[in-house]
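Asker: Sending over input05.csv (CSV, C-alpha atoms (C1' of nucleotides)).
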```csv
chain,number,residue,atom,x,y,z
C,1,MET,CA,-30.1,-32.4,31.6
C,2,THR,CA,-31.7,-31.6,34.9
C,3,GLN,CA,-33.4,-34.2,37.1
C,4,SER,CA,-36.8,-32.7,36.4
C,5,ALA,CA,-36.2,-32.6,32.7
C,6,THR,CA,-35.4,-36.4,32.8
C,7,ALA,CA,-38.5,-37.0,34.8
C,8,TRP,CA,-40.6,-34.9,32.3
C,9,ARG,CA,-39.1,-36.9,29.4
C,10,GLU,CA,-40.2,-40.2,30.9
C,11,HIS,CA,-43.6,-38.8,31.9
C,12,ALA,CA,-44.1,-37.6,28.3
C,13,GLY,CA,-43.3,-41.0,26.9
C,14,ASP,CA,-45.8,-42.6,29.4
C,15,VAL,CA,-48.5,-40.2,28.4
C,16,LEU,CA,-48.0,-40.8,24.7
C,17,ARG,CA,-48.2,-44.6,25.2
C,18,GLN,CA,-51.3,-44.2,27.4
C,19,THR,CA,-53.1,-42.1,24.9
C,20,GLY,CA,-52.5,-44.7,22.2
C,21,HIS,CA,-49.6,-43.2,20.3
C,22,ARG,CA,-47.0,-45.5,18.9
C,23,SER,CA,-43.3,-44.9,19.3
C,24,ALA,CA,-42.4,-42.6,16.5
C,25,ALA,CA,-38.9,-41.6,15.7
C,26,ALA,CA,-39.4,-37.9,14.8
C,27,ARG,CA,-41.6,-37.3,17.8
C,28,GLU,CA,-39.3,-39.0,20.3
C,29,GLN,CA,-36.4,-36.9,19.0
C,30,VAL,CA,-38.4,-33.7,19.4
C,31,LEU,CA,-39.1,-34.8,23.0
C,32,ASP,CA,-35.4,-35.4,23.5
C,33,ALA,CA,-34.5,-32.0,22.1
C,34,LEU,CA,-37.0,-30.3,24.4
C,35,ALA,CA,-35.7,-32.1,27.4
C,36,GLU,CA,-32.2,-30.9,26.6
C,37,ARG,CA,-33.3,-27.3,26.5
C,38,ASP,CA,-33.6,-25.4,29.7
C,39,CYS,CA,-35.6,-22.6,28.2
C,40,CYS,CA,-38.0,-22.1,25.3
C,41,ALA,CA,-37.0,-22.9,21.7
C,42,THR,CA,-38.4,-22.2,18.3
C,43,ALA,CA,-39.6,-25.0,16.0
C,44,GLN,CA,-36.6,-24.3,13.9
C,45,ASP,CA,-34.2,-24.6,16.9
C,46,LEU,CA,-35.6,-28.0,17.7
C,47,ALA,CA,-35.5,-29.1,14.1
C,48,ASP,CA,-31.8,-28.0,14.0
C,49,ASP,CA,-31.1,-29.9,17.2
C,50,VAL,CA,-32.6,-33.1,15.9
C,51,GLN,CA,-30.8,-32.8,12.5
C,52,ARG,CA,-27.6,-32.1,14.3
C,53,GLY,CA,-28.1,-35.5,15.9
C,54,GLY,CA,-27.9,-37.0,12.4
C,55,SER,CA,-31.5,-37.6,11.6
C,56,ARG,CA,-33.3,-36.4,8.5
C,57,VAL,CA,-36.5,-35.0,10.1
C,58,GLY,CA,-38.9,-32.8,8.2
C,59,THR,CA,-40.1,-29.5,9.5
C,60,ALA,CA,-43.7,-30.7,9.2
C,61,SER,CA,-43.0,-33.5,11.6
C,62,VAL,CA,-41.6,-31.2,14.2
C,63,TYR,CA,-44.7,-29.0,14.0
C,64,ARG,CA,-47.0,-32.0,14.1
C,65,ALA,CA,-45.2,-33.4,17.1
C,66,LEU,CA,-45.3,-30.0,18.9
C,67,GLU,CA,-49.0,-29.6,18.2
C,68,LEU,CA,-49.8,-33.0,19.7
C,69,LEU,CA,-47.6,-32.4,22.7
C,70,VAL,CA,-49.3,-29.0,23.3
C,71,ARG,CA,-52.7,-30.7,23.0
C,72,LEU,CA,-51.7,-33.3,25.6
C,73,GLY,CA,-50.4,-30.6,28.0
C,74,LEU,CA,-46.8,-31.8,27.8
C,75,VAL,CA,-45.5,-28.7,26.1
C,76,ARG,CA,-46.2,-25.0,26.5
C,77,ARG,CA,-46.5,-22.8,23.4
C,78,LEU,CA,-45.4,-19.2,23.9
C,79,GLU,CA,-45.7,-16.2,21.7
C,80,MET,CA,-43.2,-13.5,22.4
C,81,GLY,CA,-41.0,-12.9,19.4
C,82,HIS,CA,-42.3,-11.2,16.3
C,83,GLY,CA,-44.5,-13.9,14.8
C,84,THR,CA,-42.4,-16.8,15.8
C,85,ALA,CA,-43.8,-19.3,18.4
C,86,ARG,CA,-41.6,-20.8,21.1
C,87,TYR,CA,-42.1,-24.1,22.9
C,88,GLU,CA,-40.9,-25.5,26.2
C,89,ALA,CA,-41.5,-28.5,28.4
C,90,ALA,CA,-44.5,-28.2,30.7
C,91,TYR,CA,-43.8,-30.0,34.0
C,92,PRO,CA,-46.7,-32.1,35.4
C,93,ASP,CA,-46.4,-30.6,38.8
C,94,GLY,CA,-47.3,-27.2,37.4
C,95,GLU,CA,-43.8,-25.8,38.1
C,96,HIS,CA,-43.0,-23.1,35.6
C,97,HIS,CA,-41.2,-19.9,35.0
C,98,HIS,CA,-41.7,-16.7,33.0
C,99,HIS,CA,-39.6,-14.8,30.6
C,100,LEU,CA,-37.5,-11.7,30.1
C,101,VAL,CA,-37.0,-10.5,26.6
C,102,CYS,CA,-34.3,-8.1,25.6
C,103,ASP,CA,-35.7,-5.4,23.3
C,104,ARG,CA,-32.3,-4.8,21.7
C,105,CYS,CA,-30.7,-8.2,21.2
C,106,GLY,CA,-33.7,-10.4,21.5
C,107,LYS,CA,-32.2,-12.6,24.1
C,108,VAL,CA,-34.7,-14.6,26.2
C,109,THR,CA,-34.0,-15.4,29.9
C,110,GLN,CA,-36.2,-17.1,32.4
C,111,PHE,CA,-37.1,-16.1,36.0
C,112,GLU,CA,-39.4,-17.4,38.8
C,113,ASP,CA,-41.3,-15.4,41.3
C,114,PRO,CA,-43.6,-17.1,43.8
C,115,GLU,CA,-45.2,-13.8,44.8
C,116,LEU,CA,-46.0,-13.0,41.3
C,117,GLU,CA,-47.6,-16.4,40.9
C,118,ALA,CA,-49.7,-15.7,44.0
C,119,ALA,CA,-50.8,-12.3,42.6
C,120,ILE,CA,-51.8,-13.9,39.3
C,121,ASP,CA,-53.8,-16.6,41.1
C,122,GLN,CA,-55.7,-14.0,43.1
C,123,ALA,CA,-56.4,-11.9,40.0
C,124,ALA,CA,-57.6,-15.0,38.2
C,125,ALA,CA,-59.9,-16.0,41.0
C,126,ARG,CA,-61.9,-12.7,40.9
C,127,LEU,CA,-62.4,-12.9,37.1
C,128,ASP,CA,-65.3,-14.6,35.5
C,129,TYR,CA,-63.1,-16.7,33.2
C,130,GLN,CA,-62.1,-20.2,34.3
C,131,VAL,CA,-58.4,-19.4,34.1
C,132,GLY,CA,-56.2,-22.4,33.3
C,133,ALA,CA,-52.9,-20.9,32.4
C,134,HIS,CA,-51.0,-17.7,32.3
C,135,ASP,CA,-48.0,-16.1,30.5
C,136,VAL,CA,-45.9,-13.2,31.7
C,137,VAL,CA,-43.3,-11.5,29.6
C,138,LEU,CA,-41.1,-8.7,30.9
C,139,ARG,CA,-39.4,-6.6,28.3
C,140,GLY,CA,-36.4,-4.4,28.6
C,141,ALA,CA,-32.6,-4.2,28.2
C,142,CYS,CA,-30.5,-7.2,29.3
C,143,PRO,CA,-27.4,-6.5,31.4
C,144,ASP,CA,-25.1,-6.7,28.3
C,145,CYS,CA,-27.2,-4.3,26.2
C,146,ALA,CA,-27.9,-1.9,29.2
C,147,THR,CA,-24.2,-1.2,29.7
C,148,ALA,CA,-23.3,-1.1,26.0
R,149,MET,CA,-64.7,7.2,22.6
R,150,THR,CA,-63.5,7.7,26.2
R,151,GLN,CA,-61.9,10.8,27.5
R,152,SER,CA,-58.5,9.2,27.8
R,153,ALA,CA,-58.7,7.9,24.2
R,154,THR,CA,-59.4,11.4,23.0
R,155,ALA,CA,-56.5,12.7,25.0
R,156,TRP,CA,-54.3,9.9,23.6
R,157,ARG,CA,-55.3,10.7,20.1
R,158,GLU,CA,-54.3,14.3,20.5
R,159,HIS,CA,-51.1,13.4,22.2
R,160,ALA,CA,-50.2,11.0,19.4
R,161,GLY,CA,-50.8,13.8,16.8
R,162,ASP,CA,-48.5,16.1,18.8
R,163,VAL,CA,-45.7,13.5,19.1
R,164,LEU,CA,-45.8,12.8,15.4
R,165,ARG,CA,-45.5,16.5,14.6
R,166,GLN,CA,-42.8,17.0,17.1
R,167,THR,CA,-40.8,14.1,15.6
R,168,GLY,CA,-41.0,15.7,12.2
R,169,HIS,CA,-43.7,13.6,10.5
R,170,ARG,CA,-46.0,15.2,8.2
R,171,SER,CA,-49.8,14.9,8.4
R,172,ALA,CA,-50.4,11.7,6.4
R,173,ALA,CA,-53.9,10.5,5.6
R,174,ALA,CA,-53.4,6.8,6.1
R,175,ARG,CA,-51.6,7.2,9.4
R,176,GLU,CA,-54.1,9.6,10.8
R,177,GLN,CA,-56.9,7.2,10.0
R,178,VAL,CA,-55.1,4.3,11.7
R,179,LEU,CA,-54.8,6.6,14.8
R,180,ASP,CA,-58.5,7.3,14.7
R,181,ALA,CA,-59.3,3.6,14.4
R,182,LEU,CA,-57.1,2.8,17.4
R,183,ALA,CA,-58.7,5.6,19.4
R,184,GLU,CA,-62.1,4.2,18.7
R,185,ARG,CA,-61.2,0.7,19.9
R,186,ASP,CA,-61.3,0.0,23.6
R,187,CYS,CA,-59.2,-3.1,23.4
R,188,CYS,CA,-56.5,-4.5,21.2
R,189,ALA,CA,-57.1,-5.0,17.4
R,190,THR,CA,-55.3,-6.8,14.7
R,191,ALA,CA,-53.8,-5.0,11.7
R,192,GLN,CA,-56.6,-6.4,9.6
R,193,ASP,CA,-59.3,-5.1,12.1
R,194,LEU,CA,-57.8,-1.7,11.8
R,195,ALA,CA,-57.6,-1.8,8.0
R,196,ASP,CA,-61.2,-2.9,7.9
R,197,ASP,CA,-62.2,0.0,10.2
R,198,VAL,CA,-60.5,2.5,8.0
R,199,GLN,CA,-61.9,1.1,4.8
R,200,ARG,CA,-65.4,1.0,6.3
R,201,GLY,CA,-64.9,4.8,6.7
R,202,GLY,CA,-64.7,5.0,2.9
R,203,SER,CA,-60.9,5.3,2.4
R,204,ARG,CA,-58.8,3.2,0.1
R,205,VAL,CA,-55.9,2.4,2.4
R,206,GLY,CA,-53.4,-0.4,1.6
R,207,THR,CA,-52.5,-3.0,4.1
R,208,ALA,CA,-48.9,-2.0,3.9
R,209,SER,CA,-49.7,1.5,5.1
R,210,VAL,CA,-51.5,0.2,8.1
R,211,TYR,CA,-48.4,-1.9,9.0
R,212,ARG,CA,-46.0,1.0,8.3
R,213,ALA,CA,-48.1,3.3,10.5
R,214,LEU,CA,-48.2,0.7,13.3
R,215,GLU,CA,-44.5,0.1,13.2
R,216,LEU,CA,-43.8,3.8,13.5
R,217,LEU,CA,-46.3,4.2,16.3
R,218,VAL,CA,-44.8,1.3,18.2
R,219,ARG,CA,-41.4,2.8,17.8
R,220,LEU,CA,-42.6,6.1,19.2
R,221,GLY,CA,-44.1,4.4,22.1
R,222,LEU,CA,-47.6,5.5,21.2
R,223,VAL,CA,-48.9,1.9,20.5
R,224,ARG,CA,-48.3,-1.4,22.2
R,225,ARG,CA,-47.8,-4.5,20.1
R,226,LEU,CA,-49.1,-7.7,21.7
R,227,GLU,CA,-48.6,-11.3,20.6
R,228,MET,CA,-51.3,-13.6,21.9
R,229,GLY,CA,-53.2,-15.2,19.1
R,230,HIS,CA,-51.6,-17.9,17.0
R,231,GLY,CA,-49.2,-15.9,15.0
R,232,THR,CA,-51.3,-12.7,14.7
R,233,ALA,CA,-50.1,-9.6,16.4
R,234,ARG,CA,-52.5,-7.2,18.1
R,235,TYR,CA,-52.1,-3.5,18.7
R,236,GLU,CA,-53.6,-1.0,21.2
R,237,ALA,CA,-53.1,2.6,22.3
R,238,ALA,CA,-50.4,3.1,24.8
R,239,TYR,CA,-51.4,5.9,27.2
R,240,PRO,CA,-48.6,8.3,28.1
R,241,ASP,CA,-49.4,8.0,31.9
R,242,GLY,CA,-48.5,4.3,31.7
R,243,GLU,CA,-52.1,3.3,32.5
R,244,HIS,CA,-52.7,-0.1,30.9
R,245,HIS,CA,-54.5,-3.3,31.3
R,246,HIS,CA,-53.9,-7.0,30.6
R,247,HIS,CA,-55.8,-9.7,28.7
R,248,LEU,CA,-57.8,-12.8,29.1
R,249,VAL,CA,-58.0,-15.1,26.1
R,250,CYS,CA,-60.6,-17.8,25.7
R,251,ASP,CA,-59.0,-21.0,24.6
R,252,ARG,CA,-62.2,-22.2,22.9
R,253,CYS,CA,-63.7,-19.2,21.0
R,254,GLY,CA,-60.6,-17.0,20.9
R,255,LYS,CA,-62.4,-14.0,22.5
R,256,VAL,CA,-60.2,-11.4,24.1
R,257,THR,CA,-61.2,-9.5,27.2
R,258,GLN,CA,-59.3,-7.0,29.2
R,259,PHE,CA,-58.8,-6.7,33.0
R,260,GLU,CA,-56.9,-4.5,35.4
R,261,ASP,CA,-55.4,-5.5,38.7
R,262,PRO,CA,-53.3,-3.0,40.7
R,263,GLU,CA,-51.9,-5.7,43.0
R,264,LEU,CA,-50.7,-7.7,40.0
R,265,GLU,CA,-49.0,-4.6,38.8
R,266,ALA,CA,-47.3,-4.2,42.1
R,267,ALA,CA,-46.1,-7.8,42.1
R,268,ILE,CA,-44.7,-7.4,38.6
R,269,ASP,CA,-42.9,-4.2,39.6
R,270,GLN,CA,-41.3,-5.9,42.6
R,271,ALA,CA,-40.3,-8.9,40.5
R,272,ALA,CA,-38.8,-6.5,37.9
R,273,ALA,CA,-36.9,-4.7,40.5
R,274,ARG,CA,-34.9,-7.7,41.7
R,275,LEU,CA,-33.9,-8.8,38.2
R,276,ASP,CA,-30.8,-7.6,36.4
R,277,TYR,CA,-32.7,-6.5,33.3
R,278,GLN,CA,-33.8,-2.9,33.0
R,279,VAL,CA,-37.5,-3.8,32.7
R,280,GLY,CA,-39.5,-1.3,30.7
R,281,ALA,CA,-42.7,-3.0,29.9
R,282,HIS,CA,-44.6,-6.2,30.7
R,283,ASP,CA,-47.4,-8.3,29.2
R,284,VAL,CA,-49.6,-10.6,31.0
R,285,VAL,CA,-52.0,-13.0,29.3
R,286,LEU,CA,-54.4,-15.3,31.2
R,287,ARG,CA,-55.9,-18.2,29.3
R,288,GLY,CA,-59.0,-20.2,30.0
R,289,ALA,CA,-62.6,-20.6,29.2
R,290,CYS,CA,-64.8,-17.4,28.9
R,291,PRO,CA,-68.2,-17.4,30.7
R,292,ASP,CA,-70.0,-18.3,27.5
R,293,CYS,CA,-67.8,-21.2,26.6
R,294,ALA,CA,-67.5,-22.5,30.2
R,295,THR,CA,-71.3,-23.1,30.5
R,296,ALA,CA,-71.7,-24.3,27.0
T,297,DG,C1',-39.8,21.3,-6.1
T,298,DT,C1',-38.3,18.0,-2.8
T,299,DG,C1',-38.7,14.2,0.0
T,300,DA,C1',-42.0,11.7,2.9
T,301,DA,C1',-46.0,8.7,2.6
T,302,DT,C1',-48.9,5.8,-0.2
T,303,DG,C1',-51.0,1.8,-2.8
T,304,DC,C1',-50.3,-2.1,-5.2
T,305,DA,C1',-48.1,-6.3,-6.0
T,306,DA,C1',-44.5,-9.3,-5.2
T,307,DA,C1',-41.5,-11.4,-1.8
T,308,DC,C1',-40.7,-13.4,2.6
T,309,DT,C1',-41.2,-16.1,6.9
T,310,DC,C1',-43.5,-19.1,9.7
T,311,DT,C1',-46.8,-22.7,9.8
T,312,DT,C1',-50.2,-26.1,8.0
T,313,DT,C1',-51.9,-29.5,4.8
T,314,DG,C1',-52.1,-33.1,0.8
T,315,DC,C1',-50.3,-37.2,-0.5
T,316,DA,C1',-47.6,-41.1,-1.4
T,317,DT,C1',-44.2,-43.8,1.2
T,318,DG,C1',-42.4,-46.0,5.2
T,319,DA,C1',-42.6,-47.9,10.0
T,320,DC,C1',-44.6,-49.7,14.4
T,321,DT,C1',-47.7,-53.1,16.6
Q,322,DA,C1',-52.1,-56.3,7.4
Q,323,DG,C1',-53.7,-52.2,9.0
Q,324,DT,C1',-53.0,-47.7,10.0
Q,325,DC,C1',-50.4,-44.2,12.3
Q,326,DA,C1',-46.5,-41.4,11.4
Q,327,DT,C1',-43.2,-39.4,8.1
Q,328,DG,C1',-40.9,-36.5,4.5
Q,329,DC,C1',-41.4,-33.7,0.8
Q,330,DA,C1',-43.5,-30.2,-1.6
Q,331,DA,C1',-47.1,-27.1,-2.1
Q,332,DA,C1',-50.5,-24.1,0.0
Q,333,DG,C1',-51.8,-20.6,3.4
Q,334,DA,C1',-51.7,-16.7,6.6
Q,335,DG,C1',-49.5,-12.7,8.3
Q,336,DT,C1',-46.2,-9.3,7.4
Q,337,DT,C1',-42.6,-6.8,4.9
Q,338,DT,C1',-40.4,-4.7,1.0
Q,339,DG,C1',-39.7,-2.6,-3.9
Q,340,DC,C1',-41.2,0.8,-6.7
Q,341,DA,C1',-43.6,4.3,-9.2
Q,342,DT,C1',-47.0,7.8,-7.9
Q,343,DT,C1',-49.1,11.2,-5.0
Q,344,DC,C1',-49.2,14.5,-1.5
Q,345,DA,C1',-47.7,17.7,2.3
Q,346,DC,C1',-44.7,21.3,3.2
```
Could the structure of this file be written out as structure tokens, please?
Answerer:
Amino acid sequence: MTQSATAWREHAGDVLRQTGHRSAAAREQVLDALAERDCCATAQDLADDVQRGGSRVGTASVYRALELLVRLGLVRRLEMGHGTARYEAAYPDGEHHHHLVCDRCGKVTQFEDPELEAAIDQAAARLDYQVGAHDVVLRGACPDCATA
Amino acid sequence: MTQSATAWREHAGDVLRQTGHRSAAAREQVLDALAERDCCATAQDLADDVQRGGSRVGTASVYRALELLVRLGLVRRLEMGHGTARYEAAYPDGEHHHHLVCDRCGKVTQFEDPELEAAIDQAAARLDYQVGAHDVVLRGACPDCATA
DNA sequence: GTGAATGCAAACTCTTTGCATGACT
DNA sequence: AGTCATGCAAAGAGTTTGCATTCAC
């Protein structure tokens, strides 16, 4: 687990306490699973992670935990695979990345690009929406599929 | 209907013929409905449009038509509303726009930004994926919701 | 006439909700 | 004790698939 993931995990616990939520087993384990992941995961992925840890956690609890975490701004929800949502930790300093999706094998990779961020901020500034977030998805063939 | 939408409609018919597809009522009507729309629509929106035109078209045919059109590169499929896919005409010259989604009322608006396109192209060039397409979604409050 | 395309209904996947039980403070 | 959180099962929404029928070529 990276240093920022550890910090995020602690931050998330703090925010939950400060917003009056009690320590709840299923929710804590979803947070742990998210902190362990370095890129976005589906609800099913996270449920599997938790159950692999030996706990009997219902799907509904995973979804309920994720919904709360998204509402508190601790988790980002992403839509990029046919009908299946993905979730990842949202760092409090706003640091984030974007995603590459392979059209052939479905693999998801992340990338960062400060100049792209700047271009998005400029575009957002000239629009009449109060833009609070943005998602960028690039699609194509990953190195493995491109050579195959 | 705009001039480019009309051109796209004709182009789509040509591509279908060239790829050995016969003239099929439901599919043609889905194309017409897409050409009439100036921004992305859900499968249900398109089915409603067609049925409003007086035809009895099944949902399945709309989905089957859309799947084929996406495969032929004539239509873009977008994922940006909780679990519901949206579709829009993909112009052959690559001209396209991106989307603003209101977090509160769900309204979807389009925008274009050449500098953002350039930044994406540059980012794509330095990655090891063969990037063929990209989606950008900005989220926030639309003018109506921001003042309300 | 032949095979593609269709409509209908059933199946399927992902997600949410109802409700009785269990756990934190 | 009070009530928030949980697990399970059922419901819901969107999408896909099976199959007999219809239609284009």
Asker: Identify all chain R residues at most 7 Å from chain C by counting all atoms listed in the file; ligands do not count. Present them as a ChimeraX atom specification.
Answerer: /R:227-228,231-232,261,263-264,267-268,271,276-291
Asker: Restrict the distance test to only C-alpha atoms (C1' of nucleotides), flag each residue of chain C within 10 Å of chain T, and return the flagged residues as number ranges by chain.
Answerer: C: 22-25, 43-44, 59-60, 63-64, 83-85
Asker: Residues as selected, C-alpha atoms, written as a PDB file, in the coordinates of the input, can you do that?
Answerer:
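File part.pdb, as written:
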```
ATOM      1  CA  ARG C  22     -47.000 -45.500  18.900  1.00  0.00           C
ATOM      2  CA  SER C  23     -43.300 -44.900  19.300  1.00  0.00           C
ATOM      3  CA  ALA C  24     -42.400 -42.600  16.500  1.00  0.00           C
ATOM      4  CA  ALA C  25     -38.900 -41.600  15.700  1.00  0.00           C
ATOM      5  CA  ALA C  43     -39.600 -25.000  16.000  1.00  0.00           C
ATOM      6  CA  GLN C  44     -36.600 -24.300  13.900  1.00  0.00           C
ATOM      7  CA  THR C  59     -40.100 -29.500   9.500  1.00  0.00           C
ATOM      8  CA  ALA C  60     -43.700 -30.700   9.200  1.00  0.00           C
ATOM      9  CA  TYR C  63     -44.700 -29.000  14.000  1.00  0.00           C
ATOM     10  CA  ARG C  64     -47.000 -32.000  14.100  1.00  0.00           C
ATOM     11  CA  GLY C  83     -44.500 -13.900  14.800  1.00  0.00           C
ATOM     12  CA  THR C  84     -42.400 -16.800  15.800  1.00  0.00           C
ATOM     13  CA  ALA C  85     -43.800 -19.300  18.400  1.00  0.00           C
TER      14      ALA C  85
END
```
Asker: Find the residues of chain Q in contact range of chain R, meaning any atom within 12 Å when counting all atoms listed in the file, and list them as a list in words.
Answerer: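 The complete set of qualifying residues is DA334, DG335, DT336, DT337, DT338, DT343, DC344, DA345 and DC346 of chain Q.
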Asker: Take chain R, lay it over chain C with a least-squares fit on all the Cα atoms in order, then hand it over as a compact mmCIF listing (two decimals) with C-alpha atoms, keeping the file's coordinate frame.
Answerer:
```txt
# COMPACT_ATOMS: atom_id res chain seq x y z
CA MET R 149 -30.15 -32.43 31.65
CA THR R 150 -31.78 -31.72 35.04
CA GLN R 151 -33.55 -34.24 37.12
CA SER R 152 -36.95 -32.74 36.47
CA ALA R 153 -36.31 -32.73 32.69
CA THR R 154 -35.51 -36.41 32.84
CA ALA R 155 -38.64 -37.04 34.81
CA TRP R 156 -40.62 -34.95 32.30
CA ARG R 157 -39.23 -36.86 29.42
CA GLU R 158 -40.30 -40.14 30.91
CA HIS R 159 -43.67 -38.81 31.82
CA ALA R 160 -44.21 -37.53 28.29
CA GLY R 161 -43.33 -41.03 26.88
CA ASP R 162 -45.88 -42.59 29.27
CA VAL R 163 -48.67 -40.13 28.34
CA LEU R 164 -48.12 -40.72 24.66
CA ARG R 165 -48.36 -44.48 25.14
CA GLN R 166 -51.35 -44.18 27.33
CA THR R 167 -53.12 -42.03 24.71
CA GLY R 168 -52.54 -44.68 22.11
CA HIS R 169 -49.63 -43.20 20.12
CA ARG R 170 -47.09 -45.41 18.78
CA SER R 171 -43.34 -44.94 19.30
CA ALA R 172 -42.48 -42.59 16.41
CA ALA R 173 -38.89 -41.63 15.66
CA ALA R 174 -39.41 -37.99 14.81
CA ARG R 175 -41.59 -37.31 17.82
CA GLU R 176 -39.30 -39.01 20.23
CA GLN R 177 -36.40 -36.94 18.99
CA VAL R 178 -38.36 -33.69 19.38
CA LEU R 179 -39.05 -34.81 23.02
CA ASP R 180 -35.37 -35.39 23.59
CA ALA R 181 -34.51 -31.99 22.15
CA LEU R 182 -37.04 -30.29 24.42
CA ALA R 183 -35.71 -32.19 27.43
CA GLU R 184 -32.24 -31.01 26.69
CA ARG R 185 -33.24 -27.34 26.51
CA ASP R 186 -33.57 -25.43 29.74
CA CYS R 187 -35.60 -22.64 28.26
CA CYS R 188 -38.01 -22.16 25.42
CA ALA R 189 -36.96 -22.95 21.77
CA THR R 190 -38.41 -22.23 18.43
CA ALA R 191 -39.56 -24.99 16.07
CA GLN R 192 -36.51 -24.30 13.96
CA ASP R 193 -34.14 -24.59 17.04
CA LEU R 194 -35.63 -27.93 17.75
CA ALA R 195 -35.38 -29.13 14.14
CA ASP R 196 -31.78 -28.02 14.09
CA ASP R 197 -31.09 -29.94 17.34
CA VAL R 198 -32.54 -33.09 15.94
CA GLN R 199 -30.76 -32.81 12.64
CA ARG R 200 -27.46 -32.10 14.41
CA GLY R 201 -28.04 -35.56 16.01
CA GLY R 202 -27.79 -37.04 12.51
CA SER R 203 -31.51 -37.61 11.71
CA ARG R 204 -33.30 -36.48 8.61
CA VAL R 205 -36.45 -35.03 10.15
CA GLY R 206 -38.80 -32.75 8.16
CA THR R 207 -39.97 -29.48 9.51
CA ALA R 208 -43.53 -30.60 9.25
CA SER R 209 -42.91 -33.46 11.65
CA VAL R 210 -41.47 -31.17 14.22
CA TYR R 211 -44.63 -28.98 13.98
CA ARG R 212 -46.96 -32.02 14.04
CA ALA R 213 -45.16 -33.37 17.12
CA LEU R 214 -45.37 -29.98 18.86
CA GLU R 215 -49.02 -29.56 18.14
CA LEU R 216 -49.79 -32.96 19.59
CA LEU R 217 -47.64 -32.31 22.63
CA VAL R 218 -49.33 -28.99 23.25
CA ARG R 219 -52.67 -30.64 22.99
CA LEU R 220 -51.68 -33.23 25.56
CA GLY R 221 -50.52 -30.60 27.86
CA LEU R 222 -46.95 -31.83 27.80
CA VAL R 223 -45.54 -28.64 26.07
CA ARG R 224 -46.30 -24.98 26.46
CA ARG R 225 -46.52 -22.80 23.39
CA LEU R 226 -45.38 -19.20 23.95
CA GLU R 227 -45.71 -16.21 21.64
CA MET R 228 -43.16 -13.52 22.38
CA GLY R 229 -40.93 -12.91 19.44
CA HIS R 230 -42.24 -11.13 16.38
CA GLY R 231 -44.41 -13.76 14.91
CA THR R 232 -42.32 -16.81 15.96
CA ALA R 233 -43.74 -19.18 18.47
CA ARG R 234 -41.59 -20.79 21.15
CA TYR R 235 -42.09 -24.08 22.92
CA GLU R 236 -40.92 -25.54 26.28
CA ALA R 237 -41.59 -28.56 28.47
CA ALA R 238 -44.57 -28.27 30.66
CA TYR R 239 -43.89 -30.06 33.97
CA PRO R 240 -46.80 -32.10 35.30
CA ASP R 241 -46.45 -30.50 38.84
CA GLY R 242 -47.29 -27.12 37.29
CA GLU R 243 -43.80 -25.80 38.11
CA HIS R 244 -42.98 -23.12 35.53
CA HIS R 245 -41.20 -19.92 35.02
CA HIS R 246 -41.68 -16.70 33.04
CA HIS R 247 -39.54 -14.75 30.57
CA LEU R 248 -37.57 -11.63 30.12
CA VAL R 249 -36.99 -10.48 26.56
CA CYS R 250 -34.34 -8.00 25.57
CA ASP R 251 -35.76 -5.41 23.27
CA ARG R 252 -32.37 -4.76 21.64
CA CYS R 253 -30.69 -8.18 21.06
CA GLY R 254 -33.77 -10.38 21.36
CA LYS R 255 -32.21 -12.60 24.08
CA VAL R 256 -34.61 -14.57 26.20
CA THR R 257 -34.00 -15.28 29.86
CA GLN R 258 -36.15 -17.01 32.36
CA PHE R 259 -37.10 -16.02 35.95
CA GLU R 260 -39.30 -17.33 38.72
CA ASP R 261 -41.17 -15.32 41.28
CA PRO R 262 -43.51 -17.06 43.76
CA GLU R 263 -45.15 -13.78 44.83
CA LEU R 264 -45.96 -12.95 41.21
CA GLU R 265 -47.54 -16.33 40.95
CA ALA R 266 -49.62 -15.64 43.97
CA ALA R 267 -50.78 -12.29 42.61
CA ILE R 268 -51.76 -13.90 39.32
CA ASP R 269 -53.70 -16.62 41.13
CA GLN R 270 -55.62 -14.05 43.17
CA ALA R 271 -56.34 -11.98 40.07
CA ALA R 272 -57.54 -15.16 38.29
CA ALA R 273 -59.76 -16.03 41.11
CA ARG R 274 -61.85 -12.86 40.98
CA LEU R 275 -62.42 -13.05 37.22
CA ASP R 276 -65.30 -14.88 35.60
CA TYR R 277 -63.05 -16.91 33.30
CA GLN R 278 -61.96 -20.36 34.37
CA VAL R 279 -58.24 -19.50 34.21
CA GLY R 280 -56.05 -22.47 33.42
CA ALA R 281 -52.76 -21.04 32.46
CA HIS R 282 -50.93 -17.70 32.34
CA ASP R 283 -47.95 -16.15 30.55
CA VAL R 284 -45.96 -13.31 31.70
CA VAL R 285 -43.35 -11.56 29.57
CA LEU R 286 -41.17 -8.68 30.84
CA ARG R 287 -39.43 -6.55 28.25
CA GLY R 288 -36.41 -4.33 28.58
CA ALA R 289 -32.74 -4.12 28.11
CA CYS R 290 -30.55 -7.16 29.17
CA PRO R 291 -27.39 -6.45 31.24
CA ASP R 292 -25.21 -6.63 28.16
CA CYS R 293 -27.26 -4.27 26.08
CA ALA R 294 -27.97 -1.84 28.96
CA THR R 295 -24.23 -1.06 29.47
CA ALA R 296 -23.40 -1.10 25.84
```
Asker: Between CA of Gln29 (chain C) and CA of Val15 (chain C), what is the spacing in Å?
Answerer: 15.7 Å
Asker: Kindly give the distance, in Å, that separates CA of Asp196 (chain R) and CA of Ser152 (chain R), rounded to a single decimal.
Answerer: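 Distance reported for this atom pair: 23.4 Å.
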Asker: In Å, rounded to a single decimal, give me how far CA of His169 (chain R) is from CA of Leu214 (chain R).
Answerer: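 Between these atoms lies a distance of 13.9 Å.
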